[in-house]
>>> print(open('start_5.pdb').read())   # PDB, C-alpha atoms
MODEL        1
ATOM      1  CA  MET A  61      93.865 115.796 -14.315
ATOM      2  CA  LYS A  62      95.743 113.890 -11.656
ATOM      3  CA  GLY A  63      94.215 110.726 -10.242
ATOM      4  CA  LYS A  64      92.610 109.922 -13.566
ATOM      5  CA  PRO A  65      91.821 106.280 -14.110
ATOM      6  CA  ALA A  66      94.326 103.717 -13.475
ATOM      7  CA  ALA A  67      96.548 103.721 -16.589
ATOM      8  CA  GLY A  68      99.608 104.816 -14.610
ATOM      9  CA  HIS A  69      98.678 102.639 -11.671
ATOM     10  CA  LEU A  70      97.691  99.538 -13.558
ATOM     11  CA  ARG A  71     101.059  97.814 -13.300
ATOM     12  CA  ALA A  72     101.362  98.421  -9.573
ATOM     13  CA  ASP A  73      97.743  97.352  -9.076
ATOM     14  CA  LEU A  74      98.229  94.071 -10.880
ATOM     15  CA  LEU A  75     101.433  93.486  -8.938
ATOM     16  CA  VAL A  76      99.582  93.909  -5.632
ATOM     17  CA  ILE A  77      96.697  91.667  -6.670
ATOM     18  CA  GLY A  78      99.007  89.023  -8.129
ATOM     19  CA  GLY A  79     101.204  89.158  -5.033
ATOM     20  CA  LEU A  80      98.246  88.607  -2.710
ATOM     21  CA  LEU A  81      96.912  85.696  -4.772
ATOM     22  CA  LEU A  82     100.378  84.154  -4.708
ATOM     23  CA  LEU A  83     100.645  84.696  -0.948
ATOM     24  CA  SER A  84      97.353  82.953  -0.328
ATOM     25  CA  LEU A  85      98.401  80.051  -2.558
ATOM     26  CA  VAL A  86     101.755  79.684  -0.807
ATOM     27  CA  LEU A  87     100.130  79.774   2.648
ATOM     28  CA  TYR A  88      97.501  77.297   1.498
ATOM     29  CA  LEU A  89     100.147  74.869   0.293
ATOM     30  CA  ALA A  90     102.251  75.383   3.409
ATOM     31  CA  PHE A  91      99.295  74.563   5.622
ATOM     32  CA  HIS A  92      98.038  71.647   3.562
ATOM     33  CA  LEU A  93     101.131  69.777   2.411
ATOM     34  CA  GLY A  94     101.867  68.498   5.880
ATOM     35  CA  ARG A  95      98.318  67.604   6.705
ATOM     36  CA  GLU A  96      97.129  64.150   7.556
ATOM     37  CA  GLU A  97      93.955  62.563   8.785
ATOM     38  CA  GLY A  98      93.481  63.602  12.365
ATOM     39  CA  GLY A  99      92.661  61.514  15.368
ATOM     40  CA  TRP A 100      90.736  63.957  17.519
ATOM     41  CA  ALA A 101      88.130  66.681  17.347
ATOM     42  CA  VAL A 102      89.251  69.180  19.974
ATOM     43  CA  VAL A 103      86.694  71.622  21.314
ATOM     44  CA  ARG A 104      87.932  74.948  22.660
ATOM     45  CA  ILE A 105      86.034  77.791  24.253
ATOM     46  CA  ASP A 106      87.887  81.103  24.555
ATOM     47  CA  GLY A 107      90.967  79.249  23.332
ATOM     48  CA  LEU A 108      90.934  76.750  26.204
ATOM     49  CA  GLU A 109      90.406  73.076  25.491
ATOM     50  CA  VAL A 110      87.218  71.849  27.136
ATOM     51  CA  GLU A 111      86.823  68.429  25.602
ATOM     52  CA  ARG A 112      88.109  66.149  22.849
ATOM     53  CA  HIS A 113      86.465  63.285  21.043
ATOM     54  CA  ALA A 114      87.988  60.516  18.958
ATOM     55  CA  LEU A 115      87.177  60.770  15.250
ATOM     56  CA  SER A 116      87.137  56.980  15.075
ATOM     57  CA  VAL A 117      83.998  56.779  17.189
ATOM     58  CA  ASP A 118      80.670  57.969  15.789
ATOM     59  CA  GLY A 119      78.598  60.032  18.146
ATOM     60  CA  SER A 120      77.044  63.389  18.878
ATOM     61  CA  TYR A 121      77.944  65.669  21.741
ATOM     62  CA  SER A 122      76.198  68.691  23.186
ATOM     63  CA  LEU A 123      78.766  71.471  23.640
ATOM     64  CA  ASN A 124      79.000  74.510  25.866
ATOM     65  CA  GLY A 125      75.814  73.735  27.784
ATOM     66  CA  GLY A 126      73.823  73.119  24.620
ATOM     67  CA  THR A 127      74.765  76.084  22.408
ATOM     68  CA  ASN A 128      76.288  73.809  19.745
ATOM     69  CA  LEU A 129      75.939  70.157  18.770
ATOM     70  CA  LEU A 130      79.032  68.300  17.527
ATOM     71  CA  VAL A 131      78.535  65.231  15.360
ATOM     72  CA  ILE A 132      81.255  62.717  14.479
ATOM     73  CA  GLU A 133      80.510  60.369  11.614
ATOM     74  CA  ASN A 134      82.812  58.202   9.490
ATOM     75  CA  GLY A 135      85.934  59.906  10.822
ATOM     76  CA  ARG A 136      84.645  63.404  10.110
ATOM     77  CA  ALA A 137      83.365  66.082  12.484
ATOM     78  CA  TYR A 138      80.793  68.804  11.931
ATOM     79  CA  LEU A 139      78.463  71.017  13.919
ATOM     80  CA  SER A 140      74.833  70.134  13.267
ATOM     81  CA  TYR A 141      73.283  72.798  15.476
ATOM     82  CA  ALA A 142      74.150  76.268  16.774
ATOM     83  CA  ASP A 143      71.881  78.603  18.705
ATOM     84  CA  CYS A 144      73.230  81.746  17.004
ATOM     85  CA  PRO A 145      71.521  83.631  14.171
ATOM     86  CA  ASP A 146      74.327  83.469  11.579
ATOM     87  CA  GLN A 147      74.685  79.643  11.426
ATOM     88  CA  ILE A 148      78.122  79.995   9.843
ATOM     89  CA  CYS A 149      79.580  77.034  11.718
ATOM     90  CA  VAL A 150      76.659  74.782  10.778
ATOM     91  CA  LYS A 151      77.267  75.470   7.084
ATOM     92  CA  HIS A 152      80.965  74.620   7.344
ATOM     93  CA  ALA A 153      81.904  71.418   5.518
ATOM     94  CA  PRO A 154      82.816  68.447   7.747
ATOM     95  CA  VAL A 155      86.478  68.379   8.848
ATOM     96  CA  ARG A 156      88.829  65.395   9.033
ATOM     97  CA  TYR A 157      92.397  66.589   8.386
ATOM     98  CA  THR A 158      94.745  68.019  11.001
ATOM     99  CA  HIS A 159      94.509  71.812  11.498
ATOM    100  CA  GLU A 160      91.073  72.055   9.902
ATOM    101  CA  VAL A 161      88.893  74.165  12.135
ATOM    102  CA  ILE A 162      85.239  75.087  12.462
ATOM    103  CA  THR A 163      84.598  78.352  14.301
ATOM    104  CA  CYS A 164      81.503  79.666  16.027
ATOM    105  CA  LEU A 165      82.306  83.305  16.767
ATOM    106  CA  PRO A 166      79.167  84.146  18.765
ATOM    107  CA  ASN A 167      79.817  81.309  21.226
ATOM    108  CA  ARG A 168      83.623  81.807  21.094
ATOM    109  CA  LEU A 169      83.938  78.127  20.282
ATOM    110  CA  THR A 170      86.240  76.266  17.900
ATOM    111  CA  VAL A 171      86.434  72.634  16.851
ATOM    112  CA  THR A 172      89.909  71.739  15.573
ATOM    113  CA  VAL A 173      91.095  68.441  14.148
ATOM    114  CA  GLU A 174      94.326  67.357  15.784
ATOM    115  CA  GLY A 175      96.652  64.491  15.147
ATOM    116  CA  GLY A 176      97.624  61.645  17.363
ATOM    117  CA  GLU A 177      96.390  58.102  17.401
ATOM    118  CA  SER A 178      92.952  57.676  18.800
ATOM    119  CA  ASN A 179      92.366  54.117  19.823
ATOM    120  CA  GLY A 180      88.649  54.510  20.109
ATOM    121  CA  VAL A 181      88.730  55.258  23.818
ATOM    122  CA  ASP A 182      87.715  58.784  24.819
ATOM    123  CA  PHE A 183      89.100  58.724  28.324
ATOM    124  CA  THR A 184      91.015  56.164  30.257
ATOM    125  CA  VAL A 185      89.892  56.062  33.843
ATOM    126  CA  GLY A 186      92.509  54.813  36.237
ATOM    127  CA  GLY A 187      91.947  52.032  38.674
ATOM    128  CA  ILE A 188      90.503  49.414  36.373
ATOM    129  CA  GLY A 189      92.256  46.120  36.870
TER
ATOM    130  CA  MET B  56      79.741 124.547   3.965
ATOM    131  CA  LYS B  57      80.124 122.857   7.305
ATOM    132  CA  THR B  58      76.496 121.776   7.438
ATOM    133  CA  ARG B  59      76.800 120.373   3.939
ATOM    134  CA  ARG B  60      79.795 118.296   4.962
ATOM    135  CA  ILE B  61      78.096 116.944   8.080
ATOM    136  CA  THR B  62      75.063 115.989   6.006
ATOM    137  CA  ILE B  63      77.164 114.145   3.439
ATOM    138  CA  MET B  64      78.962 112.248   6.201
ATOM    139  CA  ALA B  65      75.680 111.316   7.887
ATOM    140  CA  MET B  66      74.366 110.039   4.572
ATOM    141  CA  CYS B  67      77.526 107.997   4.107
ATOM    142  CA  VAL B  68      77.113 106.402   7.563
ATOM    143  CA  ALA B  69      73.465 105.599   6.826
ATOM    144  CA  LEU B  70      74.356 104.130   3.436
ATOM    145  CA  ALA B  71      77.181 102.029   4.900
ATOM    146  CA  MET B  72      74.767 100.686   7.536
ATOM    147  CA  ILE B  73      72.193  99.744   4.915
ATOM    148  CA  LEU B  74      74.880  98.006   2.852
ATOM    149  CA  SER B  75      75.992  96.061   5.946
ATOM    150  CA  TYR B  76      72.393  95.012   6.533
ATOM    151  CA  VAL B  77      71.908  93.947   2.912
ATOM    152  CA  GLU B  78      75.126  91.974   3.130
ATOM    153  CA  SER B  79      73.962  90.203   6.289
ATOM    154  CA  MET B  80      71.169  88.656   4.224
ATOM    155  CA  ILE B  81      73.596  87.058   1.754
ATOM    156  CA  PRO B  82      74.257  83.449   2.826
ATOM    157  CA  SER B  83      77.757  82.758   4.119
ATOM    158  CA  PRO B  84      79.846  79.833   2.864
ATOM    159  CA  GLY B  85      80.621  78.624   6.401
ATOM    160  CA  ILE B  86      83.887  80.459   6.937
ATOM    161  CA  PRO B  87      83.687  83.472   9.238
ATOM    162  CA  GLY B  88      85.057  86.586   7.566
ATOM    163  CA  VAL B  89      84.361  85.553   3.976
ATOM    164  CA  LYS B  90      82.150  88.347   2.705
ATOM    165  CA  LEU B  91      81.809  91.055   0.100
ATOM    166  CA  GLY B  92      82.447  94.030   2.342
ATOM    167  CA  LEU B  93      79.861  96.212   0.601
ATOM    168  CA  ALA B  94      80.218  98.919   3.264
ATOM    169  CA  ASN B  95      83.805  99.379   2.145
ATOM    170  CA  ILE B  96      82.470 101.009  -1.040
ATOM    171  CA  VAL B  97      81.371 103.931   1.124
ATOM    172  CA  VAL B  98      84.623 104.017   3.101
ATOM    173  CA  VAL B  99      86.787 104.032  -0.044
ATOM    174  CA  PHE B 100      84.547 106.687  -1.574
ATOM    175  CA  ALA B 101      84.849 108.838   1.559
ATOM    176  CA  LEU B 102      88.608 108.354   1.656
ATOM    177  CA  TYR B 103      88.976 109.684  -1.884
ATOM    178  CA  LYS B 104      86.265 112.322  -1.883
ATOM    179  CA  LEU B 105      85.998 113.649   1.673
ATOM    180  CA  GLY B 106      89.360 112.968   3.304
ATOM    181  CA  TRP B 107      90.896 110.426   5.641
ATOM    182  CA  LYS B 108      89.464 111.804   8.884
ATOM    183  CA  GLU B 109      85.976 111.615   7.453
ATOM    184  CA  ALA B 110      86.591 108.042   6.251
ATOM    185  CA  VAL B 111      87.766 107.044   9.738
ATOM    186  CA  GLY B 112      84.705 108.634  11.342
ATOM    187  CA  ILE B 113      82.270 107.012   8.917
ATOM    188  CA  SER B 114      83.863 103.574   9.190
ATOM    189  CA  LEU B 115      84.108 103.452  12.984
ATOM    190  CA  LEU B 116      80.612 104.849  13.488
ATOM    191  CA  ARG B 117      79.231 102.286  11.064
ATOM    192  CA  VAL B 118      81.048  99.419  12.818
ATOM    193  CA  PHE B 119      79.738 100.544  16.205
ATOM    194  CA  LEU B 120      76.139 101.024  15.092
ATOM    195  CA  VAL B 121      75.939  97.848  13.006
ATOM    196  CA  SER B 122      77.375  95.692  15.808
ATOM    197  CA  LEU B 123      74.880  97.260  18.204
ATOM    198  CA  LEU B 124      71.911  96.692  15.890
ATOM    199  CA  PHE B 125      72.604  93.428  14.068
ATOM    200  CA  GLY B 126      75.643  91.865  15.728
ATOM    201  CA  HIS B 127      76.382  89.575  18.616
ATOM    202  CA  ALA B 128      78.499  90.313  21.668
ATOM    203  CA  ALA B 129      81.794  89.528  19.974
ATOM    204  CA  SER B 130      81.157  91.177  16.612
ATOM    205  CA  LEU B 131      82.133  94.681  17.740
ATOM    206  CA  MET B 132      85.635  93.515  18.679
ATOM    207  CA  TYR B 133      86.145  91.632  15.426
ATOM    208  CA  SER B 134      84.731  94.371  13.217
ATOM    209  CA  ALA B 135      86.606  97.127  15.028
ATOM    210  CA  SER B 136      89.997  95.412  14.816
ATOM    211  CA  GLY B 137      89.400  94.689  11.132
ATOM    212  CA  ALA B 138      88.241  98.234  10.422
ATOM    213  CA  VAL B 139      91.148  99.918  12.231
ATOM    214  CA  LEU B 140      93.815  97.858  10.440
ATOM    215  CA  SER B 141      92.036  98.284   7.103
ATOM    216  CA  LEU B 142      91.682 102.069   7.534
ATOM    217  CA  ALA B 143      95.303 102.521   8.578
ATOM    218  CA  GLY B 144      96.497 100.536   5.566
ATOM    219  CA  MET B 145      94.248 102.272   3.061
ATOM    220  CA  ILE B 146      95.124 105.761   4.326
ATOM    221  CA  LEU B 147      98.872 105.084   4.044
ATOM    222  CA  LEU B 148      98.530 103.461   0.617
ATOM    223  CA  LYS B 149      96.422 106.289  -0.720
ATOM    224  CA  LYS B 150      98.971 108.819   0.584
ATOM    225  CA  SER B 151     101.762 106.937  -1.211
ATOM    226  CA  ASP B 152      99.866 107.567  -4.479
ATOM    227  CA  LYS B 153     101.357 104.495  -6.117
ATOM    228  CA  LEU B 154      98.128 102.528  -6.464
ATOM    229  CA  SER B 155      94.671 103.170  -7.864
ATOM    230  CA  CYS B 156      91.679 102.932  -5.583
ATOM    231  CA  VAL B 157      91.046  99.368  -6.780
ATOM    232  CA  ALA B 158      94.313  98.103  -5.274
ATOM    233  CA  VAL B 159      93.775 100.291  -2.208
ATOM    234  CA  SER B 160      90.383  98.632  -1.746
ATOM    235  CA  VAL B 161      91.879  95.172  -2.266
ATOM    236  CA  LEU B 162      94.492  95.751   0.427
ATOM    237  CA  GLY B 163      91.803  97.272   2.624
ATOM    238  CA  GLY B 164      89.740  94.089   2.271
ATOM    239  CA  VAL B 165      92.679  91.794   2.992
ATOM    240  CA  LEU B 166      93.780  93.899   5.977
ATOM    241  CA  HIS B 167      90.225  93.857   7.318
ATOM    242  CA  ASN B 168      90.340  90.058   7.306
ATOM    243  CA  ALA B 169      93.848  90.068   8.776
ATOM    244  CA  GLY B 170      92.657  92.299  11.633
ATOM    245  CA  GLN B 171      89.821  89.915  12.371
ATOM    246  CA  ILE B 172      92.151  86.914  12.384
ATOM    247  CA  LEU B 173      94.441  88.790  14.756
ATOM    248  CA  MET B 174      91.535  89.388  17.128
ATOM    249  CA  ALA B 175      90.428  85.768  16.765
ATOM    250  CA  VAL B 176      93.935  84.562  17.649
ATOM    251  CA  VAL B 177      93.831  86.748  20.764
ATOM    252  CA  LEU B 178      90.370  85.518  21.762
ATOM    253  CA  MET B 179      90.351  81.917  20.588
ATOM    254  CA  GLY B 180      93.915  80.713  20.142
ATOM    255  CA  HIS B 181      96.319  80.217  17.292
ATOM    256  CA  ASN B 182      94.380  77.452  15.514
ATOM    257  CA  VAL B 183      92.345  80.077  13.613
ATOM    258  CA  VAL B 184      95.402  81.241  11.602
ATOM    259  CA  TYR B 185      94.626  78.347   9.277
ATOM    260  CA  TYR B 186      91.820  80.498   7.885
ATOM    261  CA  LEU B 187      94.399  82.981   6.562
ATOM    262  CA  PRO B 188      94.875  81.606   3.000
ATOM    263  CA  VAL B 189      91.177  81.482   2.201
ATOM    264  CA  LEU B 190      90.591  84.894   3.796
ATOM    265  CA  ILE B 191      93.408  86.518   1.806
ATOM    266  CA  LEU B 192      91.919  85.023  -1.361
ATOM    267  CA  SER B 193      88.365  86.100  -0.563
ATOM    268  CA  GLY B 194      89.518  89.562   0.565
ATOM    269  CA  THR B 195      91.397  90.045  -2.701
ATOM    270  CA  VAL B 196      88.570  88.935  -4.961
ATOM    271  CA  ALA B 197      85.912  90.889  -3.047
ATOM    272  CA  GLY B 198      88.246  93.899  -2.860
ATOM    273  CA  ILE B 199      88.598  94.004  -6.654
ATOM    274  CA  GLY B 200      84.827  94.171  -7.112
ATOM    275  CA  ILE B 201      84.348  96.720  -4.336
ATOM    276  CA  GLY B 202      87.258  98.797  -5.659
ATOM    277  CA  LEU B 203      85.872  98.886  -9.209
ATOM    278  CA  VAL B 204      82.493 100.093  -7.944
ATOM    279  CA  ALA B 205      84.142 102.680  -5.680
ATOM    280  CA  ALA B 206      86.310 103.899  -8.592
ATOM    281  CA  ILE B 207      83.222 104.548 -10.702
ATOM    282  CA  LEU B 208      81.534 106.431  -7.861
ATOM    283  CA  VAL B 209      84.632 108.508  -7.146
ATOM    284  CA  ARG B 210      84.737 109.539 -10.803
ATOM    285  CA  ARG B 211      81.011 110.189 -11.265
ATOM    286  CA  ILE B 212      79.724 111.713  -8.043
ATOM    287  CA  PRO B 213      80.584 115.354  -7.451
ATOM    288  CA  THR B 214      80.956 116.328  -3.787
ATOM    289  CA  GLU B 215      81.511 120.084  -3.890
TER
ENDMDL
END
>>> encode(input="start_5.pdb", output="structure tokens")
Amino acid sequence: MKGKPAAGHLRADLLVIGGLLLLSLVLYLAFHLGREEGGWAVVRIDGLEVERHALSVDGSYSLNGGTNLLVIENGRAYLSYADCPDQICVKHAPVRYTHEVITCLPNRLTVTVEGGESNGVDFTVGGIG
Amino acid sequence: MKTRRITIMAMCVALAMILSYVESMIPSPGIPGVKLGLANIVVVFALYKLGWKEAVGISLLRVFLVSLLFGHAASLMYSASGAVLSLAGMILLKKSDKLSCVAVSVLGGVLHNAGQILMAVVLMGHNVVYYLPVLILSGTVAGIGIGLVAAILVRRIPTE
């Protein structure tokens, strides 16, 4: 009977599974080898940057009119509150390295760590001195 | 015969919806898209036992109904893009007849995640591609489990 259990397919199956595991490992290494501690937590809604906060300054920030709460502590950023039912972003481990990202799909919001020196000043307002 | 087929398909849709609901109660590790994909058991089963058109119908109907009942505004777009890519891949791979349904399910799982990333890139920008490695890994591991279960069902459950 054709289509009987895998014997004939086993080799090809293992090749596919092995290939995918290898691919994920290679991508993981590619993304992580060049990483470094980031300077900023960048908040985007619908892919557009709405605010950024220095990782060197502890603080908590209400995002998107209160749908999410961003906390920065000891150079790491995490979301401590989300108004959505799935709470996926709240469970995400704190991020500190460049390219790490926390996503809240329901609120179309991402928090990405980006590089660049942060000198502890969020915004420089012109006209002082 | 036609009524029988419609009934089987309706049961498959209902079962896939229940599996999606059960899965929604399993805690997530904090990365969107990392999940078992229990409903894919039904889709793989349908693909092998009923035919590809039936599998497409069951999968898309399930995505639509589940997003409507348990999802949020964006979940339909993510689920639909994942489901379409996953279905297309699984149908082609099954036609090629080079892989067992375990590997077909694995690639279906990975393509589902890839489709969701694609939609996320469109909606939220390129920074979400950094989820790709962990989603390929989770799709592969979950796909193996789902595929093994589907293989048993395909062998044991008579449809005609």
>>> atom_distance(input="start_5.pdb", atom1="atom CA of B:His167", atom2="atom CA of B:Gly92")
9.2 Å
>>> interface_residues(input="start_5.pdb", of="chain A", to="chain B", cutoff="9 Å", atoms="all atoms listed in the file", output="PyMOL selection string")
chain A and resi 63-74+76-77+80-81+83-89+91+104-108+144-153+159-170+172
>>> atom_distance(input="start_5.pdb", atom1="atom CA of B:Ile201", atom2="atom CA of B:Asn95")
7.0 Å
>>> closest_residue(input="start_5.pdb", among="A:Gly78, A:Gly126, A:Gly94, A:Pro154", to="A:Leu139", atoms="all atoms listed in the file")
A:Pro154
>>> axis_aligned_box(input="start_5.pdb", around="stretch 60-70 of chain B", padding_each_side="8 Å", output="AutoDock Vina command-line options")
--center_x 76.6 --center_y 111.2 --center_z 5.8 --size_x 22.3 --size_y 30.2 --size_z 20.6
>>> residues_around(input="start_5.pdb", residues="A:Val117", least_positions_apart="6", cutoff="8 Å", atoms="only C-alpha atoms", output="NGL selection string")
:A and (132-135 or 180)
>>> atom_distance(input="start_5.pdb", atom1="atom CA of B:Trp107", atom2="atom CA of B:Lys150")
9.7 Å
>>> residues_around(input="start_5.pdb", residues="stretch 61-77 of chain B", least_positions_apart="6", cutoff="9 Å", atoms="only C-alpha atoms", output="list of chain:residue names")
B:Gly92, B:Leu93, B:Ala94, B:Asn95, B:Ile96, B:Val97, B:Val98, B:Ala101, B:Leu105, B:Glu109, B:Ala110, B:Gly112, B:Ile113, B:Ser114, B:Leu116, B:Arg117, B:Val118, B:Leu120, B:Val121, B:Phe125, B:Thr214
>>> closest_residue(input="start_5.pdb", among="A:His113, A:Val171, A:Val155, A:Gly125", to="A:Glu96", atoms="all atoms listed in the file")
A:Val155
>>> residues_near_point(input="start_5.pdb", point="(90.7, 102.7, 11.4)", cutoff="10 Å", atoms="all atoms listed in the file", output="ChimeraX atom specification")
/B:107-108,110-115,135-146,167
>>> decode(input="start_5.pdb", residues="stretch 96-159 of chain B", atoms="C-alpha atoms", output="PDB file, in the first residue's frame")
ATOM      1  CA  ILE B  96      -3.597  18.284  13.323  1.00  0.00           C
ATOM      2  CA  VAL B  97      -7.027  18.659  11.735  1.00  0.00           C
ATOM      3  CA  VAL B  98      -5.689  20.490   8.677  1.00  0.00           C
ATOM      4  CA  VAL B  99      -3.003  17.861   8.010  1.00  0.00           C
ATOM      5  CA  PHE B 100      -5.563  15.109   8.538  1.00  0.00           C
ATOM      6  CA  ALA B 101      -7.955  16.775   6.082  1.00  0.00           C
ATOM      7  CA  LEU B 102      -5.175  17.283   3.556  1.00  0.00           C
ATOM      8  CA  TYR B 103      -4.360  13.571   3.550  1.00  0.00           C
ATOM      9  CA  LYS B 104      -7.833  12.133   3.978  1.00  0.00           C
ATOM     10  CA  LEU B 105     -10.255  14.547   2.311  1.00  0.00           C
ATOM     11  CA  GLY B 106      -8.225  16.462  -0.265  1.00  0.00           C
ATOM     12  CA  TRP B 107      -6.527  19.823  -0.583  1.00  0.00           C
ATOM     13  CA  LYS B 108      -9.636  21.883  -1.323  1.00  0.00           C
ATOM     14  CA  GLU B 109     -11.284  20.566   1.807  1.00  0.00           C
ATOM     15  CA  ALA B 110      -8.151  21.324   3.856  1.00  0.00           C
ATOM     16  CA  VAL B 111      -8.120  24.900   2.534  1.00  0.00           C
ATOM     17  CA  GLY B 112     -11.804  25.354   3.367  1.00  0.00           C
ATOM     18  CA  ILE B 113     -11.453  23.936   6.875  1.00  0.00           C
ATOM     19  CA  SER B 114      -8.334  25.953   7.674  1.00  0.00           C
ATOM     20  CA  LEU B 115      -9.598  29.317   6.424  1.00  0.00           C
ATOM     21  CA  LEU B 116     -13.015  28.891   8.027  1.00  0.00           C
ATOM     22  CA  ARG B 117     -11.367  27.992  11.317  1.00  0.00           C
ATOM     23  CA  VAL B 118      -9.045  31.021  11.160  1.00  0.00           C
ATOM     24  CA  PHE B 119     -11.972  33.337  10.438  1.00  0.00           C
ATOM     25  CA  LEU B 120     -14.240  31.959  13.154  1.00  0.00           C
ATOM     26  CA  VAL B 121     -11.551  31.714  15.835  1.00  0.00           C
ATOM     27  CA  SER B 122     -10.346  35.282  15.220  1.00  0.00           C
ATOM     28  CA  LEU B 123     -13.952  36.461  15.409  1.00  0.00           C
ATOM     29  CA  LEU B 124     -14.664  34.591  18.648  1.00  0.00           C
ATOM     30  CA  PHE B 125     -11.427  34.662  20.639  1.00  0.00           C
ATOM     31  CA  GLY B 126      -9.069  37.024  18.823  1.00  0.00           C
ATOM     32  CA  HIS B 127      -8.280  40.700  18.780  1.00  0.00           C
ATOM     33  CA  ALA B 128      -8.538  43.084  15.849  1.00  0.00           C
ATOM     34  CA  ALA B 129      -5.168  42.164  14.386  1.00  0.00           C
ATOM     35  CA  SER B 130      -5.297  38.401  14.881  1.00  0.00           C
ATOM     36  CA  LEU B 131      -7.294  37.690  11.717  1.00  0.00           C
ATOM     37  CA  MET B 132      -4.590  39.253   9.537  1.00  0.00           C
ATOM     38  CA  TYR B 133      -1.775  37.390  11.266  1.00  0.00           C
ATOM     39  CA  SER B 134      -3.567  34.047  11.337  1.00  0.00           C
ATOM     40  CA  ALA B 135      -4.762  34.344   7.749  1.00  0.00           C
ATOM     41  CA  SER B 136      -1.331  35.175   6.327  1.00  0.00           C
ATOM     42  CA  GLY B 137       0.185  32.309   8.312  1.00  0.00           C
ATOM     43  CA  ALA B 138      -2.537  29.881   7.259  1.00  0.00           C
ATOM     44  CA  VAL B 139      -2.368  30.757   3.549  1.00  0.00           C
ATOM     45  CA  LEU B 140       1.422  30.354   3.345  1.00  0.00           C
ATOM     46  CA  SER B 141       1.287  27.163   5.413  1.00  0.00           C
ATOM     47  CA  LEU B 142      -1.500  25.644   3.276  1.00  0.00           C
ATOM     48  CA  ALA B 143       0.226  26.502   0.007  1.00  0.00           C
ATOM     49  CA  GLY B 144       3.466  24.931   1.218  1.00  0.00           C
ATOM     50  CA  MET B 145       1.864  21.789   2.597  1.00  0.00           C
ATOM     51  CA  ILE B 146      -0.244  21.200  -0.525  1.00  0.00           C
ATOM     52  CA  LEU B 147       2.801  21.474  -2.813  1.00  0.00           C
ATOM     53  CA  LEU B 148       4.952  19.289  -0.556  1.00  0.00           C
ATOM     54  CA  LYS B 149       2.293  16.626  -0.286  1.00  0.00           C
ATOM     55  CA  LYS B 150       1.893  16.627  -4.085  1.00  0.00           C
ATOM     56  CA  SER B 151       5.654  16.139  -4.486  1.00  0.00           C
ATOM     57  CA  ASP B 152       5.287  12.900  -2.475  1.00  0.00           C
ATOM     58  CA  LYS B 153       8.863  13.074  -1.245  1.00  0.00           C
ATOM     59  CA  LEU B 154       8.077  13.590   2.433  1.00  0.00           C
ATOM     60  CA  SER B 155       5.915  11.889   5.033  1.00  0.00           C
ATOM     61  CA  CYS B 156       3.159  13.840   6.708  1.00  0.00           C
ATOM     62  CA  VAL B 157       5.449  14.537   9.675  1.00  0.00           C
ATOM     63  CA  ALA B 158       7.833  16.628   7.557  1.00  0.00           C
ATOM     64  CA  VAL B 159       4.882  18.178   5.722  1.00  0.00           C
TER      65      VAL B 159
END
